[in-house]
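Dropping model_24.txt in here (compact mmCIF, C-alpha atoms):
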# COMPACT_ATOMS: atom_id res chain seq x y z
CA MET A 234 2.90 30.94 31.06
CA THR A 235 2.48 28.01 33.48
CA HIS A 236 2.48 24.31 32.68
CA LEU A 237 0.09 21.47 33.37
CA ARG A 238 2.30 18.92 35.08
CA SER A 239 0.95 15.91 33.20
CA LEU A 240 -2.06 14.60 31.30
CA THR A 241 -3.02 10.96 31.95
CA LEU A 242 -4.24 9.22 28.81
CA ASN A 243 -3.84 5.45 29.38
CA GLU A 244 -5.23 2.70 31.57
CA ASN A 245 -2.12 2.48 33.72
CA ALA A 246 -2.51 6.09 34.84
CA GLN A 247 0.92 6.91 33.50
CA PRO A 248 1.46 10.48 32.31
CA VAL A 249 2.25 10.51 28.59
CA CYS A 250 2.71 14.21 27.83
CA GLU A 251 2.85 17.67 29.32
CA LEU A 252 0.74 20.47 27.90
CA PRO A 253 1.41 24.16 28.54
CA VAL A 254 -1.28 26.36 30.01
CA LEU A 255 -1.34 29.81 28.44
CA THR A 256 -2.52 32.86 30.35
CA GLY A 257 -4.12 35.86 28.67
CA SER A 258 -4.56 39.38 30.01
CA THR A 259 -8.06 38.47 31.21
CA GLY A 260 -10.51 35.61 30.81
CA PRO A 261 -9.98 31.83 31.07
CA ASN A 262 -6.55 30.26 30.67
CA VAL A 263 -6.15 27.86 27.74
CA ILE A 264 -4.42 24.52 27.35
CA ASP A 265 -2.06 24.51 24.38
CA VAL A 266 -2.80 21.18 22.64
CA GLN A 267 -0.66 21.73 19.53
CA ALA A 268 1.69 18.90 20.52
CA LEU A 269 -1.07 16.51 21.61
CA TYR A 270 -1.36 14.50 18.40
CA LYS A 271 2.41 14.29 17.91
CA ASP A 272 2.94 13.04 21.47
CA THR A 273 -0.13 10.83 21.91
CA GLY A 274 -1.75 10.15 18.53
CA LEU A 275 -4.96 11.73 19.84
CA PHE A 276 -7.04 14.69 18.67
CA THR A 277 -9.39 16.80 20.80
CA TYR A 278 -13.12 16.60 20.05
CA ASP A 279 -15.03 19.89 20.35
CA PRO A 280 -18.10 20.25 18.09
CA GLY A 281 -18.81 23.92 17.48
CA PHE A 282 -15.39 24.82 18.95
CA ASN A 283 -17.11 25.96 22.15
CA SER A 284 -14.07 25.09 24.27
CA THR A 285 -11.38 25.86 21.73
CA ALA A 286 -9.29 29.01 21.40
CA SER A 287 -8.23 29.16 17.75
CA CYS A 288 -5.95 32.17 18.02
CA ARG A 289 -4.48 34.93 20.15
CA SER A 290 -6.28 38.26 19.77
CA THR A 291 -6.08 41.74 21.26
CA ILE A 292 -9.24 43.13 19.68
CA THR A 293 -12.37 42.14 21.61
CA PHE A 294 -13.10 40.49 24.95
CA ILE A 295 -16.41 38.99 26.07
CA ASP A 296 -17.37 37.71 29.52
CA GLY A 297 -20.71 36.05 28.90
CA GLU A 298 -21.38 35.30 32.55
CA LYS A 299 -20.94 38.92 33.65
CA GLY A 300 -22.35 40.53 30.51
CA ILE A 301 -19.13 42.34 29.58
CA LEU A 302 -18.09 43.39 26.06
CA LEU A 303 -14.83 45.29 25.51
CA TYR A 304 -13.33 46.68 22.31
CA ARG A 305 -9.58 47.02 22.84
CA GLY A 306 -10.29 47.16 26.58
CA TYR A 307 -13.00 49.86 26.41
CA PRO A 308 -16.51 48.93 27.68
CA ILE A 309 -19.09 48.94 24.91
CA GLU A 310 -21.35 51.14 27.05
CA GLN A 311 -18.77 53.94 27.12
CA LEU A 312 -17.95 53.69 23.42
CA ALA A 313 -21.60 53.76 22.38
CA GLU A 314 -22.30 56.82 24.53
CA GLN A 315 -19.12 58.83 23.95
CA CYS A 316 -17.84 57.93 20.46
CA ASN A 317 -19.09 57.80 16.91
CA PHE A 318 -18.76 54.80 14.64
CA LEU A 319 -15.66 55.94 12.76
CA GLU A 320 -13.86 56.61 16.06
CA VAL A 321 -14.66 53.04 17.04
CA CYS A 322 -13.47 51.82 13.64
CA TYR A 323 -10.14 53.57 14.19
CA LEU A 324 -9.90 52.05 17.65
CA ILE A 325 -10.62 48.52 16.43
CA LEU A 326 -8.13 48.82 13.58
CA ASN A 327 -5.33 50.60 15.44
CA GLY A 328 -5.72 49.66 19.10
CA GLU A 329 -6.17 53.20 20.45
CA LEU A 330 -8.81 55.90 20.21
CA PRO A 331 -7.81 58.63 17.74
CA ASP A 332 -6.90 62.17 18.70
CA ALA A 333 -8.53 65.00 16.72
CA PRO A 334 -5.98 65.10 13.84
CA GLN A 335 -5.96 61.31 13.52
CA LEU A 336 -9.76 61.15 13.43
CA SER A 337 -9.96 63.96 10.87
CA SER A 338 -7.46 62.19 8.61
CA PHE A 339 -9.24 58.83 9.02
CA GLU A 340 -12.66 60.32 8.26
CA HIS A 341 -11.23 62.07 5.19
CA ASN A 342 -9.73 58.82 3.89
CA ILE A 343 -13.00 56.97 4.36
CA THR A 344 -14.99 59.74 2.67
CA MET A 345 -12.65 59.82 -0.33
CA HIS A 346 -13.19 56.10 -0.96
CA THR A 347 -16.98 55.77 -0.66
CA MET A 348 -17.50 55.75 -4.43
CA VAL A 349 -17.34 52.39 -6.21
CA HIS A 350 -15.96 51.77 -9.70
CA ASP A 351 -18.67 52.63 -12.22
CA GLN A 352 -18.35 49.26 -13.97
CA LEU A 353 -19.22 47.57 -10.68
CA THR A 354 -22.80 48.72 -11.20
CA ASN A 355 -23.03 46.26 -14.11
CA PHE A 356 -22.88 43.38 -11.65
CA PHE A 357 -26.25 44.35 -10.21
CA LYS A 358 -27.92 43.89 -13.60
CA GLY A 359 -27.07 40.20 -13.49
CA PHE A 360 -29.34 39.66 -10.47
CA ARG A 361 -33.11 39.36 -10.45
CA ARG A 362 -34.83 42.32 -8.84
CA ASP A 363 -36.26 40.05 -6.14
CA ALA A 364 -32.87 38.57 -5.20
CA HIS A 365 -32.07 38.70 -1.50
CA PRO A 366 -29.72 41.64 -0.75
CA MET A 367 -27.25 39.29 0.93
CA ALA A 368 -26.99 37.23 -2.26
CA ILE A 369 -26.14 40.42 -4.15
CA MET A 370 -23.64 41.50 -1.49
CA VAL A 371 -21.79 38.20 -1.68
CA GLY A 372 -21.36 38.67 -5.43
CA VAL A 373 -20.55 42.38 -5.50
CA VAL A 374 -18.19 42.56 -2.51
CA GLY A 375 -16.38 39.50 -3.85
CA ALA A 376 -15.93 41.33 -7.15
CA LEU A 377 -14.11 44.25 -5.51
CA SER A 378 -10.79 42.43 -5.86
CA ALA A 379 -11.22 42.62 -9.65
CA PHE A 380 -11.35 46.42 -9.47
CA TYR A 381 -8.98 47.25 -6.62
CA HIS A 382 -6.10 44.86 -7.23
CA ASP A 383 -3.44 47.56 -6.85
CA ALA A 384 -3.13 46.90 -3.11
CA LEU A 385 -3.51 43.15 -2.62
CA ASP A 386 -0.10 42.24 -1.23
CA ILE A 387 -1.31 40.79 2.05
CA ARG A 388 2.22 40.90 3.51
CA SER A 389 2.31 44.67 3.06
CA LYS A 390 0.95 46.59 6.05
CA LYS A 391 0.30 49.56 3.76
CA ASP A 392 -1.78 47.44 1.37
CA ARG A 393 -3.74 45.92 4.23
CA GLU A 394 -4.52 49.40 5.57
CA MET A 395 -5.72 50.51 2.13
CA CYS A 396 -7.98 47.46 1.85
CA ALA A 397 -9.45 48.25 5.28
CA ILE A 398 -10.21 51.83 4.23
CA ARG A 399 -11.78 50.70 0.97
CA LEU A 400 -13.99 48.09 2.60
CA ILE A 401 -15.25 50.32 5.41
CA ALA A 402 -15.93 53.09 2.87
CA LYS A 403 -17.51 51.07 0.06
CA VAL A 404 -19.65 48.50 1.86
CA PRO A 405 -22.30 51.12 2.86
CA THR A 406 -22.48 52.27 -0.76
CA ILE A 407 -22.94 48.67 -1.90
CA VAL A 408 -25.58 48.00 0.78
CA ALA A 409 -27.56 51.07 -0.33
CA MET A 410 -27.21 50.00 -3.97
CA CYS A 411 -28.60 46.54 -3.09
CA HIS A 412 -31.69 48.25 -1.66
CA LYS A 413 -32.16 50.61 -4.60
CA TYR A 414 -31.75 47.80 -7.10
CA SER A 415 -34.36 45.63 -5.40
CA THR A 416 -36.88 48.48 -5.45
CA GLY A 417 -36.21 49.49 -9.05
CA MET A 418 -34.96 52.91 -8.01
CA PRO A 419 -31.81 54.60 -9.40
CA PHE A 420 -28.62 54.42 -7.39
CA MET A 421 -27.82 57.44 -5.23
CA TYR A 422 -24.13 58.26 -5.03
CA PRO A 423 -22.34 59.34 -1.83
CA GLN A 424 -21.73 63.00 -1.04
CA ASN A 425 -18.43 64.03 0.52
CA LYS A 426 -20.03 66.78 2.61
CA LEU A 427 -22.03 64.29 4.68
CA SER A 428 -20.97 62.14 7.61
CA TYR A 429 -20.65 58.37 7.29
CA VAL A 430 -24.15 57.60 8.62
CA GLU A 431 -25.82 60.64 7.04
CA ASN A 432 -24.41 59.56 3.70
CA PHE A 433 -25.73 56.05 4.05
CA LEU A 434 -29.25 57.12 5.04
CA ARG A 435 -29.36 59.53 2.12
CA MET A 436 -28.21 56.82 -0.32
CA MET A 437 -30.96 54.57 1.06
CA HIS A 438 -33.86 57.03 1.07
CA ALA A 439 -33.19 59.90 -1.36
CA THR A 440 -34.23 59.86 -5.02
CA PRO A 441 -33.31 62.14 -7.93
CA CYS A 442 -36.73 63.73 -7.40
CA ASP A 443 -36.53 64.23 -3.66
CA ASP A 444 -33.49 64.59 -1.41
CA TYR A 445 -33.38 63.20 2.12
CA THR A 446 -31.97 64.59 5.35
CA ALA A 447 -32.08 62.44 8.48
CA SER A 448 -32.69 63.97 11.90
CA PRO A 449 -29.78 63.85 14.38
CA VAL A 450 -31.72 61.36 16.52
CA LEU A 451 -31.99 58.89 13.64
CA VAL A 452 -28.37 59.40 12.61
CA ARG A 453 -27.23 58.74 16.17
CA ALA A 454 -29.46 55.65 16.38
CA LEU A 455 -27.93 54.05 13.30
CA ASP A 456 -24.44 55.11 14.39
CA ARG A 457 -25.00 53.28 17.68
CA ILE A 458 -26.29 50.17 15.92
CA LEU A 459 -23.08 50.06 13.89
CA ILE A 460 -20.94 50.48 17.01
CA LEU A 461 -22.76 47.68 18.83
CA HIS A 462 -22.28 45.33 15.87
CA ALA A 463 -18.69 46.31 15.00
CA ASP A 464 -17.11 43.19 16.51
CA HIS A 465 -17.97 40.25 18.72
CA GLU A 466 -14.81 38.20 19.17
CA GLN A 467 -14.44 34.80 17.43
CA ASN A 468 -18.05 34.35 16.30
CA ALA A 469 -19.00 32.21 13.30
CA SER A 470 -18.49 34.84 10.60
CA THR A 471 -15.27 36.22 12.09
CA SER A 472 -13.88 32.71 12.40
CA THR A 473 -14.86 32.16 8.77
CA VAL A 474 -12.97 35.29 7.73
CA ARG A 475 -9.90 34.10 9.63
CA LEU A 476 -10.13 30.59 8.16
CA ALA A 477 -10.44 31.94 4.61
CA GLY A 478 -7.60 34.37 5.26
CA SER A 479 -5.35 31.63 6.58
CA SER A 480 -5.09 30.27 3.03
CA GLY A 481 -3.68 33.57 1.79
CA ALA A 482 -6.92 34.63 0.06
CA ASN A 483 -7.28 38.35 -0.69
CA PRO A 484 -9.18 40.45 1.88
CA PHE A 485 -12.20 41.07 -0.37
CA ALA A 486 -12.66 37.31 -0.75
CA CYS A 487 -12.27 36.83 3.00
CA ILE A 488 -14.85 39.49 3.87
CA THR A 489 -17.19 37.93 1.31
CA ALA A 490 -16.82 34.62 3.15
CA GLY A 491 -17.81 36.42 6.35
CA ILE A 492 -20.85 37.95 4.66
CA ALA A 493 -21.96 34.52 3.42
CA CYS A 494 -21.63 33.07 6.93
CA LEU A 495 -23.43 36.01 8.49
CA TRP A 496 -26.39 35.36 6.19
CA GLY A 497 -27.38 32.33 8.28
CA ALA A 498 -30.54 32.73 10.36
CA ALA A 499 -28.71 31.52 13.48
CA HIS A 500 -26.15 34.32 13.12
CA GLY A 501 -26.81 37.62 11.34
CA GLY A 502 -30.37 36.81 10.38
CA ALA A 503 -31.62 37.00 13.96
CA ASN A 504 -32.92 40.60 13.82
CA GLU A 505 -34.72 39.82 10.57
CA ALA A 506 -36.27 36.80 12.28
CA VAL A 507 -37.52 39.05 15.12
CA LEU A 508 -39.59 41.15 12.71
CA ASN A 509 -40.89 38.05 10.95
CA MET A 510 -41.91 36.65 14.35
CA LEU A 511 -43.74 39.85 15.32
CA GLU A 512 -45.62 39.80 12.03
CA LYS A 513 -46.54 36.16 12.68
CA ILE A 514 -47.88 36.97 16.15
CA GLY A 515 -49.86 39.74 14.52
CA ASP A 516 -51.65 41.31 17.47
CA VAL A 517 -51.13 42.04 21.16
CA SER A 518 -54.05 39.77 22.01
CA HIS A 519 -52.13 36.79 20.58
CA ILE A 520 -49.05 37.25 22.76
CA PRO A 521 -50.17 34.92 25.63
CA GLU A 522 -50.71 32.12 23.10
CA TYR A 523 -47.19 32.50 21.71
CA ILE A 524 -45.66 32.85 25.17
CA ASN A 525 -47.20 29.47 26.04
CA LYS A 526 -45.90 27.99 22.79
CA ALA A 527 -42.41 29.22 23.64
CA LYS A 528 -42.59 27.51 27.04
CA ASP A 529 -43.77 24.21 25.53
CA LYS A 530 -40.73 21.97 24.97
CA ASN A 531 -42.66 19.99 22.38
CA ASP A 532 -43.54 23.05 20.32
CA PRO A 533 -40.95 24.10 17.70
CA PHE A 534 -41.86 27.78 18.07
CA ARG A 535 -39.15 29.96 19.61
CA LEU A 536 -39.25 33.59 20.63
CA MET A 537 -36.63 35.25 18.48
CA GLY A 538 -34.51 38.01 20.01
CA PHE A 539 -34.43 36.56 23.53
CA GLY A 540 -31.40 35.00 25.19
CA HIS A 541 -27.93 34.69 23.67
CA ARG A 542 -25.43 31.92 22.90
CA VAL A 543 -22.61 33.70 24.75
CA TYR A 544 -24.31 35.98 27.27
CA LYS A 545 -25.75 34.01 30.18
CA ASN A 546 -27.10 37.18 31.74
CA HIS A 547 -28.05 40.49 30.13
CA ASP A 548 -26.59 41.26 26.71
CA PRO A 549 -24.69 44.51 27.44
CA ARG A 550 -25.61 45.82 24.01
CA ALA A 551 -29.34 45.33 24.61
CA LYS A 552 -29.69 48.04 27.28
CA LEU A 553 -28.07 50.59 24.95
CA MET A 554 -30.22 49.44 22.06
CA ARG A 555 -33.36 49.61 24.20
CA THR A 556 -32.65 53.27 25.03
CA THR A 557 -32.02 53.96 21.35
CA CYS A 558 -35.24 52.19 20.43
CA TYR A 559 -37.33 54.42 22.66
CA GLU A 560 -35.53 57.56 21.41
CA VAL A 561 -36.37 56.65 17.81
CA LEU A 562 -39.98 55.79 18.59
CA ASP A 563 -40.36 59.14 20.39
CA GLU A 564 -38.73 61.02 17.50
CA LEU A 565 -41.00 59.42 14.91
CA GLY A 566 -44.13 59.24 17.07
CA LEU A 567 -44.50 55.51 16.53
CA HIS A 568 -45.47 54.28 20.00
CA ASP A 569 -49.02 53.65 18.82
CA ASN A 570 -47.91 51.81 15.71
CA LYS A 571 -49.34 48.27 15.82
CA LEU A 572 -46.03 46.48 15.24
CA PHE A 573 -44.10 48.53 17.77
CA GLU A 574 -46.90 48.26 20.31
CA LEU A 575 -46.72 44.50 19.88
CA ALA A 576 -42.93 44.46 20.33
CA LEU A 577 -43.00 46.59 23.46
CA GLU A 578 -45.76 44.51 25.05
CA LEU A 579 -43.85 41.32 24.29
CA GLU A 580 -40.77 42.88 25.90
CA ARG A 581 -42.77 43.85 29.02
CA ILE A 582 -44.25 40.37 29.48
CA ALA A 583 -40.92 38.61 28.94
CA LEU A 584 -39.15 40.83 31.47
CA GLU A 585 -41.80 40.10 34.11
CA ASP A 586 -42.51 36.42 33.43
CA ASP A 587 -40.91 34.02 35.94
CA TYR A 588 -40.12 31.49 33.21
CA PHE A 589 -38.02 33.97 31.21
CA ILE A 590 -36.41 35.44 34.32
CA GLU A 591 -35.45 31.99 35.63
CA LYS A 592 -33.92 30.96 32.30
CA LYS A 593 -32.39 34.43 31.81
CA LEU A 594 -34.08 34.84 28.45
CA TYR A 595 -33.76 38.60 28.32
CA PRO A 596 -34.26 40.63 25.13
CA ASN A 597 -30.97 40.77 23.26
CA VAL A 598 -29.52 43.33 20.86
CA ASP A 599 -31.27 41.71 17.87
CA PHE A 600 -34.71 42.25 19.41
CA TYR A 601 -34.24 46.01 19.67
CA SER A 602 -32.09 46.58 16.58
CA GLY A 603 -34.74 44.99 14.38
CA ILE A 604 -37.36 47.37 15.77
CA VAL A 605 -35.06 50.39 15.31
CA LEU A 606 -34.09 49.46 11.75
CA HIS A 607 -37.74 49.01 10.85
CA ALA A 608 -38.53 52.42 12.31
CA LEU A 609 -35.68 53.91 10.24
CA GLY A 610 -37.40 52.69 7.09
CA ILE A 611 -35.00 49.82 6.45
CA PRO A 612 -36.79 46.84 4.82
CA THR A 613 -36.66 43.61 6.78
CA ASN A 614 -34.69 41.78 4.08
CA MET A 615 -31.95 44.44 4.45
CA PHE A 616 -31.36 43.84 8.17
CA THR A 617 -28.55 41.31 7.73
CA ALA A 618 -26.87 43.56 5.17
CA MET A 619 -26.93 46.33 7.79
CA PHE A 620 -25.30 43.93 10.24
CA ALA A 621 -22.59 43.22 7.66
CA MET A 622 -21.99 46.94 7.23
CA GLY A 623 -21.25 47.34 10.95
CA ARG A 624 -19.26 44.11 11.26
CA THR A 625 -16.94 44.82 8.29
CA VAL A 626 -14.46 46.69 10.49
CA GLY A 627 -14.28 43.79 12.94
CA TRP A 628 -13.74 41.29 10.15
CA ILE A 629 -10.96 43.28 8.52
CA ALA A 630 -9.25 43.91 11.89
CA HIS A 631 -9.23 40.19 12.69
CA TRP A 632 -7.99 39.38 9.18
CA ASP A 633 -5.18 41.91 9.54
CA GLU A 634 -4.27 40.60 13.01
CA MET A 635 -4.18 37.04 11.69
CA ILE A 636 -1.96 37.88 8.70
CA ALA A 637 0.52 39.67 11.00
CA ASP A 638 0.57 36.81 13.55
CA PRO A 639 3.70 34.64 13.07
CA GLU A 640 1.98 31.72 14.85
CA GLN A 641 -0.89 31.46 12.40
CA LYS A 642 -1.03 28.58 9.93
CA ILE A 643 -3.60 27.58 7.36
CA GLY A 644 -6.72 26.40 9.19
CA ARG A 645 -7.11 22.64 9.15
CA PRO A 646 -9.56 21.20 11.73
CA ARG A 647 -9.48 17.44 12.28
CA GLN A 648 -12.35 15.01 12.79
CA LEU A 649 -13.64 11.96 14.57
CA TYR A 650 -14.25 9.63 11.64
CA THR A 651 -17.32 7.39 12.00
CA GLY A 652 -17.73 6.17 8.40
CA ALA A 653 -16.95 2.82 6.78
CA VAL A 654 -13.50 1.36 7.37
CA GLN A 655 -11.30 0.53 4.39
CA ARG A 656 -12.92 -1.93 1.99
CA ASP A 657 -12.41 -3.16 -1.57
CA VAL A 658 -14.55 -2.62 -4.63
CA PRO A 659 -16.28 -5.96 -5.35
CA ALA A 660 -14.49 -8.16 -7.90
CA GLY A 661 -16.13 -7.92 -11.28
CA HIS A 662 -17.64 -4.51 -10.67
CA LYS A 663 -17.56 -2.52 -13.88
CA LYS A 664 -17.88 1.22 -14.21
CA THR A 665 -20.91 2.57 -16.02
CA VAL A 666 -20.01 4.10 -19.36

Could you write out this file's structure as structure tokens?
Amino acid sequence: MTHLRSLTLNENAQPVCELPVLTGSTGPNVIDVQALYKDTGLFTYDPGFNSTASCRSTITFIDGEKGILLYRGYPIEQLAEQCNFLEVCYLILNGELPDAPQLSSFEHNITMHTMVHDQLTNFFKGFRRDAHPMAIMVGVVGALSAFYHDALDIRSKKDREMCAIRLIAKVPTIVAMCHKYSTGMPFMYPQNKLSYVENFLRMMHATPCDDYTASPVLVRALDRILILHADHEQNASTSTVRLAGSSGANPFACITAGIACLWGAAHGGANEAVLNMLEKIGDVSHIPEYINKAKDKNDPFRLMGFGHRVYKNHDPRAKLMRTTCYEVLDELGLHDNKLFELALELERIALEDDYFIEKKLYPNVDFYSGIVLHALGIPTNMFTAMFAMGRTVGWIAHWDEMIADPEQKIGRPRQLYTGAVQRDVPAGHKKTV
């Protein structure tokens, strides 16, 4: 740790405080402003927290300028090519990749907890059939604490590990139940003989009348989607989980807060918005018109699935997802499907157009994942729920890291107040009865 020698804050150019500069293992240094208000009476002002580090973390690192994404130091490209999702879950939770016995034990624990309490199914009956799956998820995942309250001591590492296992295991079951409920089909229960992704696809697509077995290509495609969405540093939903957890709330409540945040169109709803955009464009012949609309600063239309808030170059996940997209289209013979033809032509034009190249508006992971999920038979309104399924491990890892961090306090952002100054209620004013 080094120190900033002084910070000048008054007209006379006199230093009024010294602020330490903290150095991480990689990435930008940060100025520790914890003592700023006490020493100067000033707060920092940072709408959106774009220049604020809210915590120390060892889980995920992003370099947006270079297009780098690391889970526990491992490049996302290597993990997506060489590992399966549960290996990555173990890594994110424990800090190291598992050996064979560790992975076998972890997979067994997950498999043994995929069932949900039978009474939990009653919660679904309280929702309309046309309710958005994310609305149902918020209610049902939040209710888990009412059924699994035997391990809710957040100061117990053992209890936190059990909650992590339960959430990673049960969220796919709940996601599949959301889909079945909305379609009026009976719930399909998990089978212990199947892998994590095979189980989920079967719960989504099988019926009591007709079983379902996914091809290895499709299983691998969904497995990769989950890996690519497993964590993404201090994004909006992860920060929400940490903020909720800072109050001492139970982990099921905290993950529910993350799910609610993820529901926003600017966050987890992006891949759903991509499919809605493609349906709006409608035909390949209309693409030039919409490309021109996207370039027009006065037109509110935006091409969804292009560019990224953090990545100022290529999204490292997009290249992997693009490869997966083409593998799935080849497997299912969908290259001549109208929607996919439209998506691929839009991709080609955007990658060759000087406007998009200059502004670095490359297709991001949401552009391709939406196409892949659609090809896998996942309804568009389920896309954000799928995102939540992959991100659950990241949320729970950050929650666990925060609880174990002795520096963490209850979150309490400050503000720049611009409202009315103190004033008195007019004399003679009487309350309405």

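Comparing A:Asp443, A:Glu512, A:Asp633, A:Asp456 by their smallest distance to A:Asn317, the closest is A:Asp456 (using all atoms listed in the file).
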
Might you pull out every residue within 7 Å of A:Trp628, with only C-alpha atoms counted and same-chain residues fewer than 5 positions away left off, and present them as an NGL selection string?
:A and (471 or 474 or 488)

Please indicate the distance in Å from atom CA of A:Thr344 to atom CA of A:Met418, rounded to one decimal place.
23.7 Å

Just how far from atom CA of A:Ser602 is atom CA of A:Leu565, in Å to one decimal?
15.7 Å

What's the 9 Å shell around stretch 428-435 of chain A, counting only C-alpha atoms, without same-chain residues fewer than 5 positions away, as number ranges by chain?
A: 318-319, 340, 343-344, 402, 405-406, 408-409, 421-423, 440, 444-447, 449, 452-453, 455-456, 609

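Of the listed residues (A:Leu536, A:His412, A:Phe573, A:Cys494), A:Phe573 comes nearest to A:Val517; the distances count all atoms listed in the file.
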
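Going from atom CA of A:Gly627 over to atom CA of A:Gln648, you cover 28.8 Å.
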
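Near A:His341, within a cut-off of 12 Å and counting only C-alpha atoms, sit the residues Leu319, Pro334, Gln335, Leu336, Ser337, Ser338, Thr344, Met345, His346, Thr347, Ile398, Ala402, Asn425, Lys426, Leu427, Ser428 and Tyr429 of chain A, with same-chain residues fewer than 3 positions away left out.
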
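Shortest atom-to-atom contact with A:Tyr601 among A:Met622, A:Ala499, A:Ala463, A:Ala454: A:Ala454, counting only C-alpha atoms.
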
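By chain and then residue number, the residues within 12 Å of A:Pro280 are Thr285, Pro646, Arg647, Gln648 and Leu649 of chain A, counting only C-alpha atoms and disregarding those fewer than 5 positions away in sequence.
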
Would you kindly return, as a CSV table (one decimal) with C-alpha atoms, in the coordinates of the input, each protein, DNA or RNA residue with an atom no farther than 10 Å from any atom of A:Tyr381, considering all atoms listed in the file and excluding same-chain residues fewer than 3 positions away?
chain,number,residue,atom,x,y,z
A,349,VAL,CA,-17.3,52.4,-6.2
A,350,HIS,CA,-16.0,51.8,-9.7
A,376,ALA,CA,-15.9,41.3,-7.2
A,377,LEU,CA,-14.1,44.2,-5.5
A,378,SER,CA,-10.8,42.4,-5.9
A,384,ALA,CA,-3.1,46.9,-3.1
A,385,LEU,CA,-3.5,43.2,-2.6
A,395,MET,CA,-5.7,50.5,2.1
A,396,CYS,CA,-8.0,47.5,1.8
A,399,ARG,CA,-11.8,50.7,1.0
A,485,PHE,CA,-12.2,41.1,-0.4

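Of the listed residues (A:Met635, A:Ala608, A:Ile295, A:Ala397), A:Ala608 comes nearest to A:Leu567; the distances count only C-alpha atoms.
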
For a quick check of understanding, using all atoms listed in the file, which of A:Ser480, A:Asn283, A:Asn614, A:Thr489 has the smallest distance to A:Arg645?
A:Ser480

Min atom-atom distance to A:Asp586 from the set A:Gly515, A:Pro533, A:Gly603, A:Pro521, counting all atoms listed in the file, belongs to A:Pro521
